[in-house]
Amino acid sequence: MPANLLHIVESTTLDADDIAARTKRIHALLLSKSKYIDKPNFTKIHPTDLALLFAEYDRQFFDGQIKNTLGTIPLHFGLSKRMTSSGGKTVHYIGKKNEKECYEISVSTAILFGCFDGKDHRPISGSGIVCRDRLDALQRIMEHELVHLIEMVVWEKSSCSKPRFHSITRRFFGHTENKHQLITPKEKALVQFGIKPGMVVRFRFDGEEHTGVVNRINKRATVLVEDRRGQRYSDGKHYAKFYVPVQMLEAVE
């Protein structure tokens, strides 16, 4: 049992001023050290930025004991364009990625770059804390994923719906909620263009007009158009699938 990390996690409660001071130092450090993040509302990011962020959080909040507890087990960092509802994800792999065991923390670039673009229709917060900029949002995501990692390493299982997770995020980071309130592509599509899943829409493709149903919305909308040559779905009908930018869709009354 990783006693040092366990002791820190179970015995530490930071006050609001201390949390604010530490997160502010990390915010400034990333801006000064990163080769890609050059401003609070950055437009470029690299997995090495996540590694730098992790190292600073581990040093400033956990005395480097997350890394020490991992020992020789690799920790990877990734950026995902495909995650459009979750801000981040932490996974424990056994016998995958050509390694006996490893952990991976991924962050959604679809979520990050969809916020703070000058078109936000509401205040943006993460874990109950209002975010001033994109780097703030990235920090809230990393804080959340760090606690998932700690729980996986110390207790083997992690759930952000359980009291232990709530206790750790509150005592270390001042989180009052354990879900992000960042703007997702689905929300943006509804607010900016009035488009949502299940809606009948029309659009043009290769000069031809099509009418179909919005099946889902990620970075683009997936629209199903009835086509006897297409794939058969659970309703018994056959559909062709189109990936269409939301701004190109028109709702059919």
# chains A, B, ... in the order shown; residues from 1 in each chain; ligands from 1
>>> residues_around(residues="A:Arg228", least_positions_apart="3", cutoff="10 Å", atoms="only C-alpha atoms", output="number ranges by chain")
A: 225, 231-232, 237-240
>>> select_by_dssp(residues="stretch 2-148 of chain A", states="strand (DSSP E)", output="ChimeraX atom specification")
/A:75-80,88-94,101-108,125-126,129-130
>>> write_last_selection(atoms="N, CA and C atoms", output="JSON list (two decimals), in the first residue's frame")
[["chain", "number", "residue", "atom", "x", "y", "z"],
["A", 75, "LEU", "N", 2.99, 6.43, -17.16],
["A", 75, "LEU", "CA", 1.81, 7.29, -17.20],
["A", 75, "LEU", "C", 1.87, 8.07, -18.52],
["A", 76, "HIS", "N", 0.90, 7.85, -19.37],
["A", 76, "HIS", "CA", 0.85, 8.51, -20.67],
["A", 76, "HIS", "C", -0.17, 9.64, -20.66],
["A", 77, "PHE", "N", -0.01, 10.56, -21.62],
["A", 77, "PHE", "CA", -0.92, 11.69, -21.74],
["A", 77, "PHE", "C", -1.37, 11.81, -23.19],
["A", 78, "GLY", "N", -2.65, 12.09, -23.38],
["A", 78, "GLY", "CA", -3.18, 12.18, -24.74],
["A", 78, "GLY", "C", -4.17, 13.32, -24.89],
["A", 79, "LEU", "N", -4.36, 13.72, -26.14],
["A", 79, "LEU", "CA", -5.35, 14.75, -26.50],
["A", 79, "LEU", "C", -6.35, 14.11, -27.46],
["A", 80, "SER", "N", -7.63, 14.34, -27.21],
["A", 80, "SER", "CA", -8.66, 13.68, -28.00],
["A", 80, "SER", "C", -9.59, 14.68, -28.66],
["A", 88, "GLY", "N", -12.26, 15.10, -19.77],
["A", 88, "GLY", "CA", -11.06, 14.27, -19.65],
["A", 88, "GLY", "C", -11.42, 12.84, -19.32],
["A", 89, "LYS", "N", -10.40, 11.99, -19.36],
["A", 89, "LYS", "CA", -10.61, 10.57, -19.06],
["A", 89, "LYS", "C", -9.30, 9.98, -18.55],
["A", 90, "THR", "N", -9.40, 9.15, -17.52],
["A", 90, "THR", "CA", -8.23, 8.45, -16.99],
["A", 90, "THR", "C", -8.50, 6.95, -17.06],
["A", 91, "VAL", "N", -7.54, 6.22, -17.63],
["A", 91, "VAL", "CA", -7.73, 4.79, -17.86],
["A", 91, "VAL", "C", -6.52, 4.03, -17.32],
["A", 92, "HIS", "N", -6.79, 2.87, -16.73],
["A", 92, "HIS", "CA", -5.75, 1.95, -16.29],
["A", 92, "HIS", "C", -5.75, 0.77, -17.25],
["A", 93, "TYR", "N", -4.66, 0.63, -18.00],
["A", 93, "TYR", "CA", -4.55, -0.45, -18.98],
["A", 93, "TYR", "C", -3.72, -1.59, -18.41],
["A", 94, "ILE", "N", -4.19, -2.80, -18.64],
["A", 94, "ILE", "CA", -3.44, -4.01, -18.31],
["A", 94, "ILE", "C", -3.21, -4.78, -19.59],
["A", 101, "GLU", "N", 1.52, -2.92, -17.98],
["A", 101, "GLU", "CA", 0.57, -2.09, -17.25],
["A", 101, "GLU", "C", 0.92, -0.63, -17.48],
["A", 102, "CYS", "N", -0.10, 0.21, -17.59],
["A", 102, "CYS", "CA", 0.14, 1.65, -17.70],
["A", 102, "CYS", "C", -1.15, 2.40, -17.38],
["A", 103, "TYR", "N", -1.00, 3.71, -17.16],
["A", 103, "TYR", "CA", -2.14, 4.60, -16.98],
["A", 103, "TYR", "C", -2.09, 5.66, -18.07],
["A", 104, "GLU", "N", -3.25, 6.20, -18.39],
["A", 104, "GLU", "CA", -3.29, 7.29, -19.39],
["A", 104, "GLU", "C", -4.33, 8.32, -19.00],
["A", 105, "ILE", "N", -3.93, 9.58, -19.04],
["A", 105, "ILE", "CA", -4.84, 10.70, -18.85],
["A", 105, "ILE", "C", -5.01, 11.40, -20.19],
["A", 106, "SER", "N", -6.27, 11.50, -20.63],
["A", 106, "SER", "CA", -6.58, 12.18, -21.89],
["A", 106, "SER", "C", -7.44, 13.39, -21.62],
["A", 107, "VAL", "N", -7.27, 14.42, -22.44],
["A", 107, "VAL", "CA", -8.05, 15.66, -22.33],
["A", 107, "VAL", "C", -8.70, 15.93, -23.67],
["A", 108, "SER", "N", -9.94, 16.39, -23.64],
["A", 108, "SER", "CA", -10.70, 16.67, -24.86],
["A", 108, "SER", "C", -10.34, 18.04, -25.43],
["A", 125, "SER", "N", -17.75, 27.12, -16.19],
["A", 125, "SER", "CA", -17.16, 26.67, -14.94],
["A", 125, "SER", "C", -16.77, 25.21, -15.04],
["A", 126, "GLY", "N", -15.83, 24.82, -14.20],
["A", 126, "GLY", "CA", -15.40, 23.43, -14.12],
["A", 126, "GLY", "C", -15.40, 23.00, -12.67],
["A", 129, "ILE", "N", -16.30, 25.67, -10.20],
["A", 129, "ILE", "CA", -15.45, 26.87, -10.10],
["A", 129, "ILE", "C", -15.49, 27.62, -11.43],
["A", 130, "VAL", "N", -15.79, 28.90, -11.39],
["A", 130, "VAL", "CA", -15.83, 29.70, -12.62],
["A", 130, "VAL", "C", -14.44, 29.79, -13.22]]
>>> closest_residue(among="A:Met83, A:Asn41, A:Leu14, A:Ile124", to="A:Arg170", atoms="only C-alpha atoms")
A:Leu14
>>> atom_distance(atom1="atom CA of A:His121", atom2="atom CA of A:Gln181")
12.5 Å
>>> residues_around(residues="A:His175", least_positions_apart="4", cutoff="10 Å", atoms="only C-alpha atoms", output="JSON list (two decimals) with N, CA and C atoms, in the first residue's frame")
[["chain", "number", "residue", "atom", "x", "y", "z"],
["A", 126, "GLY", "N", -15.83, 24.82, -14.20],
["A", 126, "GLY", "CA", -15.40, 23.43, -14.12],
["A", 126, "GLY", "C", -15.40, 23.00, -12.67],
["A", 127, "SER", "N", -16.08, 21.91, -12.37],
["A", 127, "SER", "CA", -16.15, 21.38, -11.01],
["A", 127, "SER", "C", -16.70, 22.41, -10.01],
["A", 128, "GLY", "N", -17.59, 23.27, -10.50],
["A", 128, "GLY", "CA", -18.21, 24.27, -9.64],
["A", 128, "GLY", "C", -17.44, 25.56, -9.50],
["A", 129, "ILE", "N", -16.30, 25.67, -10.20],
["A", 129, "ILE", "CA", -15.45, 26.87, -10.10],
["A", 129, "ILE", "C", -15.49, 27.62, -11.43],
["A", 140, "ARG", "N", -8.84, 22.67, -14.23],
["A", 140, "ARG", "CA", -9.94, 22.00, -13.54],
["A", 140, "ARG", "C", -10.09, 20.56, -14.05],
["A", 143, "GLU", "N", -7.22, 18.51, -12.52],
["A", 143, "GLU", "CA", -7.47, 18.25, -11.10],
["A", 143, "GLU", "C", -8.43, 17.07, -10.92],
["A", 144, "HIS", "N", -9.48, 17.08, -11.71],
["A", 144, "HIS", "CA", -10.47, 16.00, -11.65],
["A", 144, "HIS", "C", -9.83, 14.66, -12.02],
["A", 166, "HIS", "N", -15.47, 12.95, -3.84],
["A", 166, "HIS", "CA", -15.94, 14.30, -3.50],
["A", 166, "HIS", "C", -15.07, 14.91, -2.41],
["A", 167, "SER", "N", -14.74, 14.11, -1.42],
["A", 167, "SER", "CA", -13.94, 14.60, -0.29],
["A", 167, "SER", "C", -12.55, 15.04, -0.75],
["A", 168, "ILE", "N", -11.91, 14.25, -1.59],
["A", 168, "ILE", "CA", -10.55, 14.58, -2.05],
["A", 168, "ILE", "C", -10.55, 15.84, -2.90],
["A", 169, "THR", "N", -11.46, 15.93, -3.86],
["A", 169, "THR", "CA", -11.48, 17.10, -4.74],
["A", 169, "THR", "C", -11.83, 18.38, -3.96],
["A", 170, "ARG", "N", -12.68, 18.24, -2.96],
["A", 170, "ARG", "CA", -13.04, 19.42, -2.15],
["A", 170, "ARG", "C", -11.87, 19.86, -1.28],
["A", 171, "ARG", "N", -11.21, 18.91, -0.60],
["A", 171, "ARG", "CA", -10.14, 19.27, 0.34],
["A", 171, "ARG", "C", -8.89, 19.77, -0.35],
["A", 179, "LYS", "N", -18.64, 17.41, -11.87],
["A", 179, "LYS", "CA", -18.86, 17.37, -13.31],
["A", 179, "LYS", "C", -18.50, 18.73, -13.87]]
>>> closest_residue(among="A:Leu53, A:Glu250, A:Ala21, A:Phe61", to="A:Gly194", atoms="only C-alpha atoms")
A:Glu250
>>> closest_residue(among="A:Tyr233, A:Glu208, A:Arg202, A:Glu226", to="A:Val246", atoms="only C-alpha atoms")
A:Arg202
>>> closest_residue(among="A:Phe173, A:Pro40, A:His210, A:Val223", to="A:Ala28", atoms="only C-alpha atoms")
A:Pro40
>>> select_by_dssp(residues="stretch 71-225 of chain A", states="alpha helix (DSSP H)", output="PyMOL selection string")
chain A and resi 109-112+134-155+163-173+185-193
>>> decode(residues="stretch 204-248 of chain A", atoms="N, CA and C atoms", output="short mmCIF file (atom, residue, chain, number, x, y, z; two decimals), in the first residue's frame")
data_model
loop_
_atom_site.label_atom_id
_atom_site.label_comp_id
_atom_site.auth_asym_id
_atom_site.auth_seq_id
_atom_site.Cartn_x
_atom_site.Cartn_y
_atom_site.Cartn_z
N ARG A 204 -27.47 20.57 -48.07
CA ARG A 204 -27.02 20.30 -49.44
C ARG A 204 -25.69 19.58 -49.40
N PHE A 205 -25.56 18.58 -50.27
CA PHE A 205 -24.32 17.82 -50.37
C PHE A 205 -24.08 17.50 -51.84
N ASP A 206 -22.92 17.90 -52.35
CA ASP A 206 -22.59 17.71 -53.77
C ASP A 206 -23.68 18.28 -54.68
N GLY A 207 -24.21 19.44 -54.27
CA GLY A 207 -25.18 20.13 -55.10
C GLY A 207 -26.60 19.59 -55.00
N GLU A 208 -26.81 18.58 -54.18
CA GLU A 208 -28.14 17.96 -54.05
C GLU A 208 -28.68 18.18 -52.64
N GLU A 209 -29.97 18.47 -52.54
CA GLU A 209 -30.59 18.69 -51.23
C GLU A 209 -31.03 17.36 -50.63
N HIS A 210 -30.75 17.19 -49.34
CA HIS A 210 -31.14 15.98 -48.62
C HIS A 210 -31.94 16.38 -47.38
N THR A 211 -32.82 15.50 -46.96
CA THR A 211 -33.56 15.68 -45.72
C THR A 211 -33.37 14.44 -44.86
N GLY A 212 -33.05 14.65 -43.59
CA GLY A 212 -32.80 13.52 -42.71
C GLY A 212 -32.99 13.90 -41.26
N VAL A 213 -32.58 12.98 -40.39
CA VAL A 213 -32.74 13.17 -38.95
C VAL A 213 -31.36 13.25 -38.30
N VAL A 214 -31.18 14.23 -37.40
CA VAL A 214 -29.93 14.35 -36.67
C VAL A 214 -29.84 13.20 -35.66
N ASN A 215 -28.82 12.37 -35.83
CA ASN A 215 -28.65 11.21 -34.95
C ASN A 215 -27.82 11.56 -33.72
N ARG A 216 -26.76 12.34 -33.94
CA ARG A 216 -25.91 12.78 -32.84
C ARG A 216 -25.12 14.00 -33.27
N ILE A 217 -24.56 14.70 -32.28
CA ILE A 217 -23.76 15.88 -32.58
C ILE A 217 -22.44 15.78 -31.83
N ASN A 218 -21.36 15.76 -32.57
CA ASN A 218 -20.01 15.85 -32.00
C ASN A 218 -19.39 17.12 -32.56
N LYS A 219 -18.25 17.03 -33.19
CA LYS A 219 -17.73 18.23 -33.85
C LYS A 219 -18.60 18.58 -35.05
N ARG A 220 -19.16 17.55 -35.70
CA ARG A 220 -20.15 17.74 -36.75
C ARG A 220 -21.40 16.96 -36.37
N ALA A 221 -22.47 17.21 -37.09
CA ALA A 221 -23.70 16.46 -36.84
C ALA A 221 -23.72 15.22 -37.72
N THR A 222 -24.15 14.11 -37.15
CA THR A 222 -24.38 12.90 -37.92
C THR A 222 -25.85 12.87 -38.32
N VAL A 223 -26.11 12.92 -39.62
CA VAL A 223 -27.49 12.98 -40.13
C VAL A 223 -27.79 11.70 -40.90
N LEU A 224 -28.90 11.06 -40.57
CA LEU A 224 -29.32 9.84 -41.25
C LEU A 224 -30.39 10.18 -42.28
N VAL A 225 -30.12 9.81 -43.53
CA VAL A 225 -31.04 10.06 -44.63
C VAL A 225 -31.52 8.72 -45.16
N GLU A 226 -32.83 8.55 -45.25
CA GLU A 226 -33.37 7.28 -45.72
C GLU A 226 -32.83 6.95 -47.11
N ASP A 227 -32.32 5.72 -47.24
CA ASP A 227 -31.71 5.28 -48.50
C ASP A 227 -31.74 3.75 -48.50
N ARG A 228 -32.45 3.16 -49.45
CA ARG A 228 -32.59 1.69 -49.46
C ARG A 228 -31.26 0.97 -49.64
N ARG A 229 -30.25 1.70 -50.11
CA ARG A 229 -28.93 1.09 -50.27
C ARG A 229 -28.08 1.22 -49.01
N GLY A 230 -28.59 1.95 -48.04
CA GLY A 230 -27.81 2.21 -46.83
C GLY A 230 -27.92 1.11 -45.79
N GLN A 231 -27.30 1.37 -44.65
CA GLN A 231 -27.28 0.42 -43.53
C GLN A 231 -28.66 0.34 -42.88
N ARG A 232 -29.03 -0.87 -42.45
CA ARG A 232 -30.31 -1.06 -41.79
C ARG A 232 -30.16 -0.74 -40.30
N TYR A 233 -31.11 0.03 -39.77
CA TYR A 233 -31.08 0.41 -38.35
C TYR A 233 -32.19 -0.30 -37.58
N SER A 234 -32.23 -0.06 -36.27
CA SER A 234 -33.15 -0.80 -35.39
C SER A 234 -34.62 -0.53 -35.71
N ASP A 235 -34.93 0.56 -36.40
CA ASP A 235 -36.32 0.83 -36.76
C ASP A 235 -36.74 0.10 -38.03
N GLY A 236 -35.83 -0.70 -38.58
CA GLY A 236 -36.12 -1.47 -39.78
C GLY A 236 -35.87 -0.74 -41.08
N LYS A 237 -35.55 0.55 -41.01
CA LYS A 237 -35.31 1.33 -42.22
C LYS A 237 -33.81 1.36 -42.55
N HIS A 238 -33.53 1.69 -43.81
CA HIS A 238 -32.15 1.80 -44.27
C HIS A 238 -31.79 3.28 -44.42
N TYR A 239 -30.59 3.62 -43.95
CA TYR A 239 -30.16 5.02 -43.97
C TYR A 239 -28.74 5.16 -44.51
N ALA A 240 -28.52 6.26 -45.23
CA ALA A 240 -27.17 6.70 -45.55
C ALA A 240 -26.77 7.70 -44.46
N LYS A 241 -25.50 7.67 -44.10
CA LYS A 241 -25.01 8.51 -43.00
C LYS A 241 -24.18 9.66 -43.57
N PHE A 242 -24.49 10.88 -43.13
CA PHE A 242 -23.75 12.06 -43.55
C PHE A 242 -23.19 12.77 -42.31
N TYR A 243 -21.96 13.29 -42.43
CA TYR A 243 -21.35 14.10 -41.37
C TYR A 243 -21.34 15.54 -41.86
N VAL A 244 -22.14 16.37 -41.22
CA VAL A 244 -22.41 17.71 -41.75
C VAL A 244 -22.08 18.77 -40.70
N PRO A 245 -21.34 19.81 -41.05
CA PRO A 245 -21.16 20.94 -40.11
C PRO A 245 -22.52 21.48 -39.69
N VAL A 246 -22.68 21.73 -38.41
CA VAL A 246 -23.99 22.13 -37.88
C VAL A 246 -24.52 23.38 -38.57
N GLN A 247 -23.64 24.32 -38.90
CA GLN A 247 -24.08 25.57 -39.48
C GLN A 247 -24.68 25.37 -40.89
N MET A 248 -24.48 24.19 -41.49
CA MET A 248 -25.03 23.92 -42.81
C MET A 248 -26.40 23.27 -42.77
#
